[in-house]
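Text of query-v6.tsv, listed as TSV, C-alpha atoms:
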chain	number	residue	atom	x	y	z
T	34	MET	CA	141.24	18.81	-95.15
T	35	SER	CA	138.83	17.58	-92.78
T	36	GLY	CA	137.09	14.33	-93.14
T	37	HIS	CA	136.89	10.91	-91.95
T	38	PRO	CA	140.18	9.07	-92.07
T	39	MET	CA	139.99	5.76	-94.00
T	40	GLU	CA	141.19	2.67	-92.20
T	41	LYS	CA	143.17	0.03	-94.03
T	42	THR	CA	141.35	-3.26	-94.62
T	43	THR	CA	143.23	-6.27	-93.36
T	44	ILE	CA	143.30	-9.67	-95.06
T	45	THR	CA	141.23	-11.13	-92.24
T	46	GLN	CA	138.53	-8.51	-92.69
T	47	PHE	CA	138.50	-9.12	-96.44
T	48	LEU	CA	138.15	-12.89	-96.03
T	49	MET	CA	135.35	-12.48	-93.47
T	50	ALA	CA	133.44	-10.21	-95.84
T	51	LEU	CA	133.94	-12.68	-98.70
T	52	VAL	CA	132.68	-15.64	-96.66
T	53	GLY	CA	129.77	-13.55	-95.41
T	54	ALA	CA	128.77	-12.79	-99.00
T	55	LEU	CA	129.23	-16.34	-100.33
T	56	VAL	CA	127.40	-18.25	-97.58
T	57	PRO	CA	123.93	-16.89	-98.43
T	58	VAL	CA	124.54	-17.53	-102.15
T	59	LEU	CA	125.54	-21.15	-101.46
T	60	ILE	CA	122.53	-21.70	-99.20
T	61	VAL	CA	120.16	-20.42	-101.91
T	62	ALA	CA	121.86	-22.63	-104.55
T	63	PHE	CA	121.57	-25.69	-102.25
T	64	LEU	CA	117.88	-25.06	-101.62
T	65	LEU	CA	117.17	-24.60	-105.34
T	66	PHE	CA	119.03	-27.82	-106.15
T	67	ASN	CA	117.03	-29.77	-103.57
T	68	MET	CA	113.78	-28.31	-104.85
T	69	ILE	CA	114.59	-29.25	-108.46
T	70	MET	CA	115.63	-32.77	-107.47
T	71	GLY	CA	112.39	-33.18	-105.51
T	72	ILE	CA	110.32	-32.10	-108.50
T	73	MET	CA	112.22	-34.50	-110.77
T	74	ALA	CA	111.74	-37.38	-108.32
T	75	THR	CA	107.96	-36.89	-108.31
T	76	HIS	CA	107.80	-36.82	-112.13
T	77	VAL	CA	110.17	-39.74	-112.73
T	78	GLY	CA	108.89	-42.51	-110.52
T	79	GLY	CA	110.77	-45.70	-109.60
T	80	ASP	CA	109.27	-47.80	-112.43
T	81	ASP	CA	109.81	-45.07	-115.00
T	82	ALA	CA	113.43	-44.66	-113.92
T	83	LYS	CA	113.98	-48.41	-114.20
T	84	ALA	CA	112.39	-48.48	-117.67
T	85	ALA	CA	114.52	-45.53	-118.75
T	86	ALA	CA	117.68	-47.26	-117.51
T	87	GLU	CA	116.74	-50.46	-119.39
T	88	GLU	CA	116.04	-48.45	-122.55
T	89	ILE	CA	119.45	-46.78	-122.30
T	90	ALA	CA	121.14	-50.15	-121.75
T	91	ASP	CA	119.36	-51.54	-124.85
T	92	ARG	CA	120.58	-48.61	-126.95
T	93	LEU	CA	124.16	-49.06	-125.75
T	94	LYS	CA	124.48	-52.83	-126.22
T	95	PRO	CA	126.46	-54.12	-129.23
T	96	VAL	CA	124.58	-54.73	-132.46
T	97	GLY	CA	126.16	-58.12	-133.02
T	98	GLU	CA	129.06	-60.40	-132.29
T	99	VAL	CA	131.72	-61.88	-134.52
T	100	ALA	CA	132.37	-65.59	-134.11
T	101	ILE	CA	134.82	-67.17	-136.50
T	102	GLY	CA	135.07	-70.92	-136.66
T	103	GLU	CA	132.80	-71.74	-133.80
T	104	VAL	CA	131.14	-74.63	-135.64
T	105	LYS	CA	131.04	-77.62	-133.31
T	106	PRO	CA	128.86	-80.70	-133.60
T	107	ALA	CA	126.11	-81.30	-131.12
T	108	ALA	CA	127.09	-83.68	-128.36
T	109	GLY	CA	127.30	-87.12	-129.95
T	110	GLY	CA	126.28	-85.71	-133.34
T	111	ALA	CA	128.00	-86.01	-136.69
T	112	ILE	CA	130.30	-83.26	-137.91
T	113	ASP	CA	128.67	-81.20	-140.66
T	114	GLY	CA	131.30	-80.47	-143.34
T	115	LYS	CA	128.90	-78.14	-145.16
T	116	LYS	CA	128.47	-75.91	-142.09
T	117	ILE	CA	132.22	-75.76	-141.55
T	118	TYR	CA	132.74	-74.90	-145.24
T	119	GLU	CA	130.08	-72.18	-145.08
T	120	SER	CA	131.43	-70.62	-141.89
T	121	ILE	CA	135.17	-70.72	-142.64
T	122	CYS	CA	136.35	-72.26	-145.92
T	123	GLN	CA	133.92	-70.38	-148.14
T	124	ALA	CA	135.73	-67.09	-147.51
T	125	CYS	CA	138.55	-68.22	-149.81
T	126	HIS	CA	137.18	-71.22	-151.71
T	127	ALA	CA	134.09	-69.39	-153.00
T	128	THR	CA	136.05	-66.34	-154.15
T	129	GLY	CA	139.46	-67.75	-155.10
T	130	ALA	CA	141.23	-65.54	-152.55
T	131	ALA	CA	144.94	-66.28	-151.98
T	132	GLY	CA	144.89	-68.62	-154.98
T	133	ALA	CA	142.39	-71.01	-153.42
T	134	PRO	CA	140.65	-73.28	-155.91
T	135	LYS	CA	136.99	-72.35	-156.18
T	136	VAL	CA	134.58	-75.05	-155.09
T	137	GLY	CA	133.00	-76.62	-158.16
T	138	ASP	CA	135.91	-75.71	-160.48
T	139	LYS	CA	136.78	-79.19	-161.75
T	140	SER	CA	139.89	-78.05	-163.63
T	141	ALA	CA	141.35	-76.48	-160.47
T	142	TRP	CA	140.36	-79.33	-158.17
T	143	GLY	CA	141.16	-82.22	-160.56
T	144	PRO	CA	144.95	-82.25	-160.00
T	145	ARG	CA	144.51	-81.75	-156.27
T	146	ILE	CA	142.01	-84.59	-155.97
T	147	GLY	CA	144.38	-86.68	-158.13
T	148	GLN	CA	147.06	-86.42	-155.40
T	149	GLY	CA	144.73	-88.32	-153.08
T	150	LYS	CA	142.58	-87.39	-150.13
T	151	ASP	CA	145.46	-87.97	-147.69
T	152	THR	CA	147.53	-85.24	-149.38
T	153	LEU	CA	144.55	-82.87	-149.53
T	154	LEU	CA	143.85	-83.47	-145.85
T	155	LYS	CA	147.54	-83.04	-144.92
T	156	HIS	CA	147.67	-79.68	-146.74
T	157	ALA	CA	144.39	-78.53	-145.17
T	158	ILE	CA	145.49	-79.45	-141.64
T	159	ALA	CA	149.16	-78.39	-141.73
T	160	GLY	CA	148.93	-75.65	-144.34
T	161	PHE	CA	150.58	-75.49	-147.75
T	162	THR	CA	152.23	-72.97	-150.04
T	163	GLY	CA	152.26	-73.91	-153.71
T	164	LYS	CA	152.71	-72.28	-157.10
T	165	SER	CA	149.16	-70.98	-157.27
T	166	GLY	CA	148.59	-69.88	-153.67
T	167	THR	CA	148.63	-70.51	-149.96
T	168	MET	CA	146.46	-72.66	-147.72
T	169	PRO	CA	146.75	-71.61	-144.04
T	170	ALA	CA	146.80	-74.42	-141.50
T	171	LYS	CA	143.25	-75.45	-140.62
T	172	GLY	CA	141.90	-72.67	-142.81
T	173	GLY	CA	143.34	-70.13	-140.39
T	174	ASN	CA	141.34	-71.48	-137.44
T	175	PRO	CA	143.50	-73.61	-135.13
T	176	ALA	CA	140.44	-74.36	-132.96
T	177	LEU	CA	139.11	-76.78	-135.58
T	178	SER	CA	139.77	-80.46	-135.04
T	179	ASP	CA	141.30	-82.70	-137.70
T	180	ALA	CA	137.91	-84.44	-138.01
T	181	GLU	CA	136.21	-81.09	-138.73
T	182	ILE	CA	138.81	-80.27	-141.37
T	183	LYS	CA	138.31	-83.71	-142.94
T	184	ALA	CA	134.53	-83.19	-143.07
T	185	ALA	CA	134.97	-79.80	-144.77
T	186	VAL	CA	137.51	-81.20	-147.28
T	187	ASP	CA	135.16	-84.12	-148.06
T	188	HIS	CA	132.34	-81.63	-148.66
T	189	MET	CA	134.42	-79.48	-151.02
T	190	VAL	CA	135.77	-82.50	-152.92
T	191	GLY	CA	132.21	-83.80	-153.30
T	192	LEU	CA	131.14	-80.50	-154.88
T	193	SER	CA	134.21	-80.33	-157.14
T	194	LYS	CA	134.33	-83.79	-158.78
Please re-express this file's structure in structure tokens.
Amino acid sequence: MSGHPMEKTTITQFLMALVGALVPVLIVAFLLFNMIMGIMATHVGGDDAKAAAEEIADRLKPVGEVAIGEVKPAAGGAIDGKKIYESICQACHATGAAGAPKVGDKSAWGPRIGQGKDTLLKHAIAGFTGKSGTMPAKGGNPALSDAEIKAAVDHMVGLSK
């Protein structure tokens, strides 16, 4: 057998061949990337990019916010019992949830009103559990002041006499 004897390839030779093959591929990829980014930069100008970013931010912002019991009078203004009723109390007193007497139901409110406004106010502020249901303290919103609770109770009593 005559022929050319084959030399063994060492690890160093293999790694050098691998690097030699990968370097040109990486250079071409880098140049293509830069070319594409340059083309994109000319088509999407500064103002367009800003408008696009604002449009994306608009699409991602929340649709709404939930605020429970945030009814506060204007500085120096009177407390509006109707607004407090509509924002908090109505959830139970318009539907009868948890055994709450419905506003306007004279037969349900009559005995309660008969106990006196002080008792009604005490139960509304501190909470009350009776035979027919439960009234959470301050309608479940501890941020309300006693004056706000009183205004809401006065409003409901006025509608239920």
From (142.4, -83.9, -148.4), in the file's coordinates, out to 9 Å: which residues are reached, counting only C-alpha atoms? Answer as a PDB file with C-alpha atoms, in the frame of the given file.
ATOM      1  CA  ARG T 145     144.510 -81.750-156.270  1.00  0.00           C
ATOM      2  CA  ILE T 146     142.010 -84.590-155.970  1.00  0.00           C
ATOM      3  CA  GLN T 148     147.060 -86.420-155.400  1.00  0.00           C
ATOM      4  CA  GLY T 149     144.730 -88.320-153.080  1.00  0.00           C
ATOM      5  CA  LYS T 150     142.580 -87.390-150.130  1.00  0.00           C
ATOM      6  CA  ASP T 151     145.460 -87.970-147.690  1.00  0.00           C
ATOM      7  CA  THR T 152     147.530 -85.240-149.380  1.00  0.00           C
ATOM      8  CA  LEU T 153     144.550 -82.870-149.530  1.00  0.00           C
ATOM      9  CA  LEU T 154     143.850 -83.470-145.850  1.00  0.00           C
ATOM     10  CA  LYS T 155     147.540 -83.040-144.920  1.00  0.00           C
ATOM     11  CA  HIS T 156     147.670 -79.680-146.740  1.00  0.00           C
ATOM     12  CA  ALA T 157     144.390 -78.530-145.170  1.00  0.00           C
ATOM     13  CA  ILE T 158     145.490 -79.450-141.640  1.00  0.00           C
ATOM     14  CA  ILE T 182     138.810 -80.270-141.370  1.00  0.00           C
ATOM     15  CA  LYS T 183     138.310 -83.710-142.940  1.00  0.00           C
ATOM     16  CA  VAL T 186     137.510 -81.200-147.280  1.00  0.00           C
ATOM     17  CA  ASP T 187     135.160 -84.120-148.060  1.00  0.00           C
ATOM     18  CA  VAL T 190     135.770 -82.500-152.920  1.00  0.00           C
TER      19      VAL T 190
END
Quiz item: If you measure from CA of Tyr118 in chain T to CA of Gly173 in chain T, what distance in Å do you get, rounded to one decimal?
Solution: 12.6 Å
Exercise. Can you work out the spacing between CA of Ala131 in chain T and CA of Thr167 in chain T in Å, to one decimal?
Key: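 Going from CA of Ala131 in chain T over to CA of Thr167 in chain T, I get 6.0 Å.
The spacing separating CA of Ala127 in chain T from CA of Asp113 in chain T amounts to 17.9 Å.
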Quiz item: What would the list of residues within 8 Å of (132.1, -82.2, -141.0) (file frame) look like as a PyMOL selection string, if only C-alpha atoms are what count?
Solution: chain T and resi 111-117+180-185+187-188
Quiz item: Of the candidates T:Leu64, T:Ala159, T:Ile44, T:Met168, which shows the shortest atom-to-atom distance to Gly132 in chain T, using all atoms listed in the file?
Solution: T:Met168
Dump range 37-188 of chain T with C-alpha atoms to a file, as a short mmCIF file (atom, residue, chain, number, x, y, z; two decimals), in the first residue's frame.
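Final output, saved to part.cif:
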data_model
loop_
_atom_site.label_atom_id
_atom_site.label_comp_id
_atom_site.auth_asym_id
_atom_site.auth_seq_id
_atom_site.Cartn_x
_atom_site.Cartn_y
_atom_site.Cartn_z
CA HIS T 37 -0.08 9.43 1.58
CA PRO T 38 -0.12 8.79 5.30
CA MET T 39 -2.93 10.66 7.13
CA GLU T 40 -1.91 12.83 10.04
CA LYS T 41 -4.03 12.97 13.16
CA THR T 42 -5.88 16.25 13.74
CA THR T 43 -5.22 17.76 17.13
CA ILE T 44 -7.79 19.63 19.22
CA THR T 45 -5.94 22.88 18.60
CA GLN T 46 -6.10 22.41 14.84
CA PHE T 47 -9.80 21.59 15.05
CA LEU T 48 -10.57 24.70 17.12
CA MET T 49 -8.56 26.93 14.77
CA ALA T 50 -10.48 25.58 11.78
CA LEU T 51 -13.79 26.12 13.58
CA VAL T 52 -12.96 29.73 14.50
CA GLY T 53 -11.72 30.35 10.97
CA ALA T 54 -15.04 29.16 9.58
CA LEU T 55 -17.24 31.03 12.08
CA VAL T 56 -15.55 34.44 11.92
CA PRO T 57 -16.59 35.21 8.33
CA VAL T 58 -20.16 34.05 9.07
CA LEU T 59 -20.37 36.34 12.11
CA ILE T 60 -18.96 39.29 10.17
CA VAL T 61 -21.57 38.84 7.42
CA ALA T 62 -24.38 38.55 10.03
CA PHE T 63 -23.16 41.73 11.77
CA LEU T 64 -23.05 43.68 8.51
CA LEU T 65 -26.55 42.49 7.53
CA PHE T 66 -27.90 43.47 10.94
CA ASN T 67 -26.41 46.96 10.67
CA MET T 68 -27.78 47.38 7.17
CA ILE T 69 -31.30 46.36 8.26
CA MET T 70 -31.19 48.66 11.28
CA GLY T 71 -30.07 51.54 9.06
CA ILE T 72 -32.94 50.96 6.66
CA MET T 73 -35.42 50.81 9.55
CA ALA T 74 -34.03 54.03 11.04
CA THR T 75 -34.58 55.91 7.77
CA HIS T 76 -38.17 54.66 7.46
CA VAL T 77 -39.16 55.19 11.11
CA GLY T 78 -38.11 58.72 11.89
CA GLY T 79 -37.83 60.26 15.37
CA ASP T 80 -41.37 61.71 15.39
CA ASP T 81 -42.90 58.52 14.03
CA ALA T 82 -41.10 56.45 16.66
CA LYS T 83 -42.35 58.77 19.40
CA ALA T 84 -45.92 58.59 18.06
CA ALA T 85 -45.69 54.80 17.87
CA ALA T 86 -44.45 54.62 21.47
CA GLU T 87 -47.32 56.87 22.64
CA GLU T 88 -49.83 54.74 20.73
CA ILE T 89 -48.48 51.59 22.38
CA ALA T 90 -48.64 53.24 25.81
CA ASP T 91 -52.28 54.25 25.15
CA ARG T 92 -53.18 50.68 24.22
CA LEU T 93 -51.53 49.30 27.36
CA LYS T 94 -53.00 51.70 29.92
CA PRO T 95 -55.84 50.45 32.16
CA VAL T 96 -59.40 50.91 30.94
CA GLY T 97 -60.62 52.26 34.26
CA GLU T 98 -60.06 52.47 37.97
CA VAL T 99 -62.10 51.21 40.89
CA ALA T 100 -62.67 53.68 43.70
CA ILE T 101 -64.92 52.58 46.52
CA GLY T 102 -66.11 55.12 49.03
CA GLU T 103 -64.07 58.03 47.86
CA VAL T 104 -66.95 60.50 48.27
CA LYS T 105 -65.65 63.54 50.12
CA PRO T 106 -67.20 66.97 50.30
CA ALA T 107 -65.55 69.88 48.60
CA ALA T 108 -63.47 71.99 50.95
CA GLY T 109 -65.92 73.84 53.18
CA GLY T 110 -68.89 72.26 51.38
CA ALA T 111 -71.80 70.32 52.79
CA ILE T 112 -71.73 66.53 52.85
CA ASP T 113 -74.02 65.06 50.20
CA GLY T 114 -75.84 62.05 51.71
CA LYS T 115 -77.31 61.15 48.32
CA LYS T 116 -73.86 60.82 46.72
CA ILE T 117 -72.63 58.67 49.59
CA TYR T 118 -75.75 56.48 49.33
CA GLU T 119 -75.30 56.12 45.56
CA SER T 120 -71.61 55.27 45.78
CA ILE T 121 -71.66 52.87 48.76
CA CYS T 122 -74.97 52.18 50.51
CA GLN T 123 -76.95 51.49 47.35
CA ALA T 124 -75.08 48.23 46.77
CA CYS T 125 -77.05 46.61 49.60
CA HIS T 126 -79.95 48.96 50.31
CA ALA T 127 -81.20 49.02 46.70
CA THR T 128 -81.04 45.23 46.31
CA GLY T 129 -81.71 43.93 49.82
CA ALA T 130 -78.35 42.13 49.95
CA ALA T 131 -77.36 40.68 53.34
CA GLY T 132 -80.86 41.38 54.63
CA ALA T 133 -80.54 45.15 54.20
CA PRO T 134 -83.86 46.99 54.14
CA LYS T 135 -84.51 48.38 50.68
CA VAL T 136 -84.71 52.15 50.50
CA GLY T 137 -88.34 53.18 50.11
CA ASP T 138 -89.72 50.01 51.75
CA LYS T 139 -91.77 51.61 54.53
CA SER T 140 -92.64 48.29 56.20
CA ALA T 141 -88.94 47.36 56.50
CA TRP T 142 -87.79 50.82 57.57
CA GLY T 143 -90.73 51.64 59.90
CA PRO T 144 -89.52 49.61 62.91
CA ARG T 145 -85.94 50.77 62.40
CA ILE T 146 -86.95 54.43 62.19
CA GLY T 147 -89.14 53.82 65.27
CA GLN T 148 -86.01 52.98 67.31
CA GLY T 149 -84.81 56.53 66.74
CA LYS T 150 -82.16 58.13 64.59
CA ASP T 151 -79.51 57.68 67.31
CA THR T 152 -79.93 53.89 67.18
CA LEU T 153 -79.93 53.87 63.37
CA LEU T 154 -76.77 55.97 63.33
CA LYS T 155 -75.10 53.79 65.99
CA HIS T 156 -75.82 50.64 63.96
CA ALA T 157 -74.61 52.27 60.73
CA ILE T 158 -71.35 53.49 62.29
CA ALA T 159 -70.46 50.52 64.52
CA GLY T 160 -72.16 47.77 62.54
CA PHE T 161 -75.02 45.51 63.62
CA THR T 162 -76.14 41.91 63.27
CA GLY T 163 -79.85 41.34 63.74
CA LYS T 164 -82.49 38.73 62.95
CA SER T 165 -82.91 39.81 59.36
CA GLY T 166 -79.32 40.57 58.37
CA THR T 167 -76.01 42.27 58.92
CA MET T 168 -74.92 45.88 58.63
CA PRO T 169 -71.11 46.20 58.35
CA ALA T 170 -69.53 49.09 60.22
CA LYS T 171 -69.65 52.25 58.10
CA GLY T 172 -71.15 50.26 55.24
CA GLY T 173 -67.88 48.38 54.89
CA ASN T 174 -65.86 51.55 54.27
CA PRO T 175 -63.91 52.62 57.36
CA ALA T 176 -62.64 55.71 55.51
CA LEU T 177 -66.06 57.38 55.85
CA SER T 178 -66.49 59.86 58.67
CA ASP T 179 -69.36 59.69 61.15
CA ALA T 180 -70.78 62.86 59.55
CA GLU T 181 -70.79 61.17 56.13
CA ILE T 182 -72.56 58.13 57.57
CA LYS T 183 -75.13 60.41 59.24
CA ALA T 184 -75.78 62.23 55.94
CA ALA T 185 -76.32 58.90 54.13
CA VAL T 186 -78.62 57.57 56.90
CA ASP T 187 -80.63 60.83 56.82
CA HIS T 188 -80.99 60.48 53.04
#
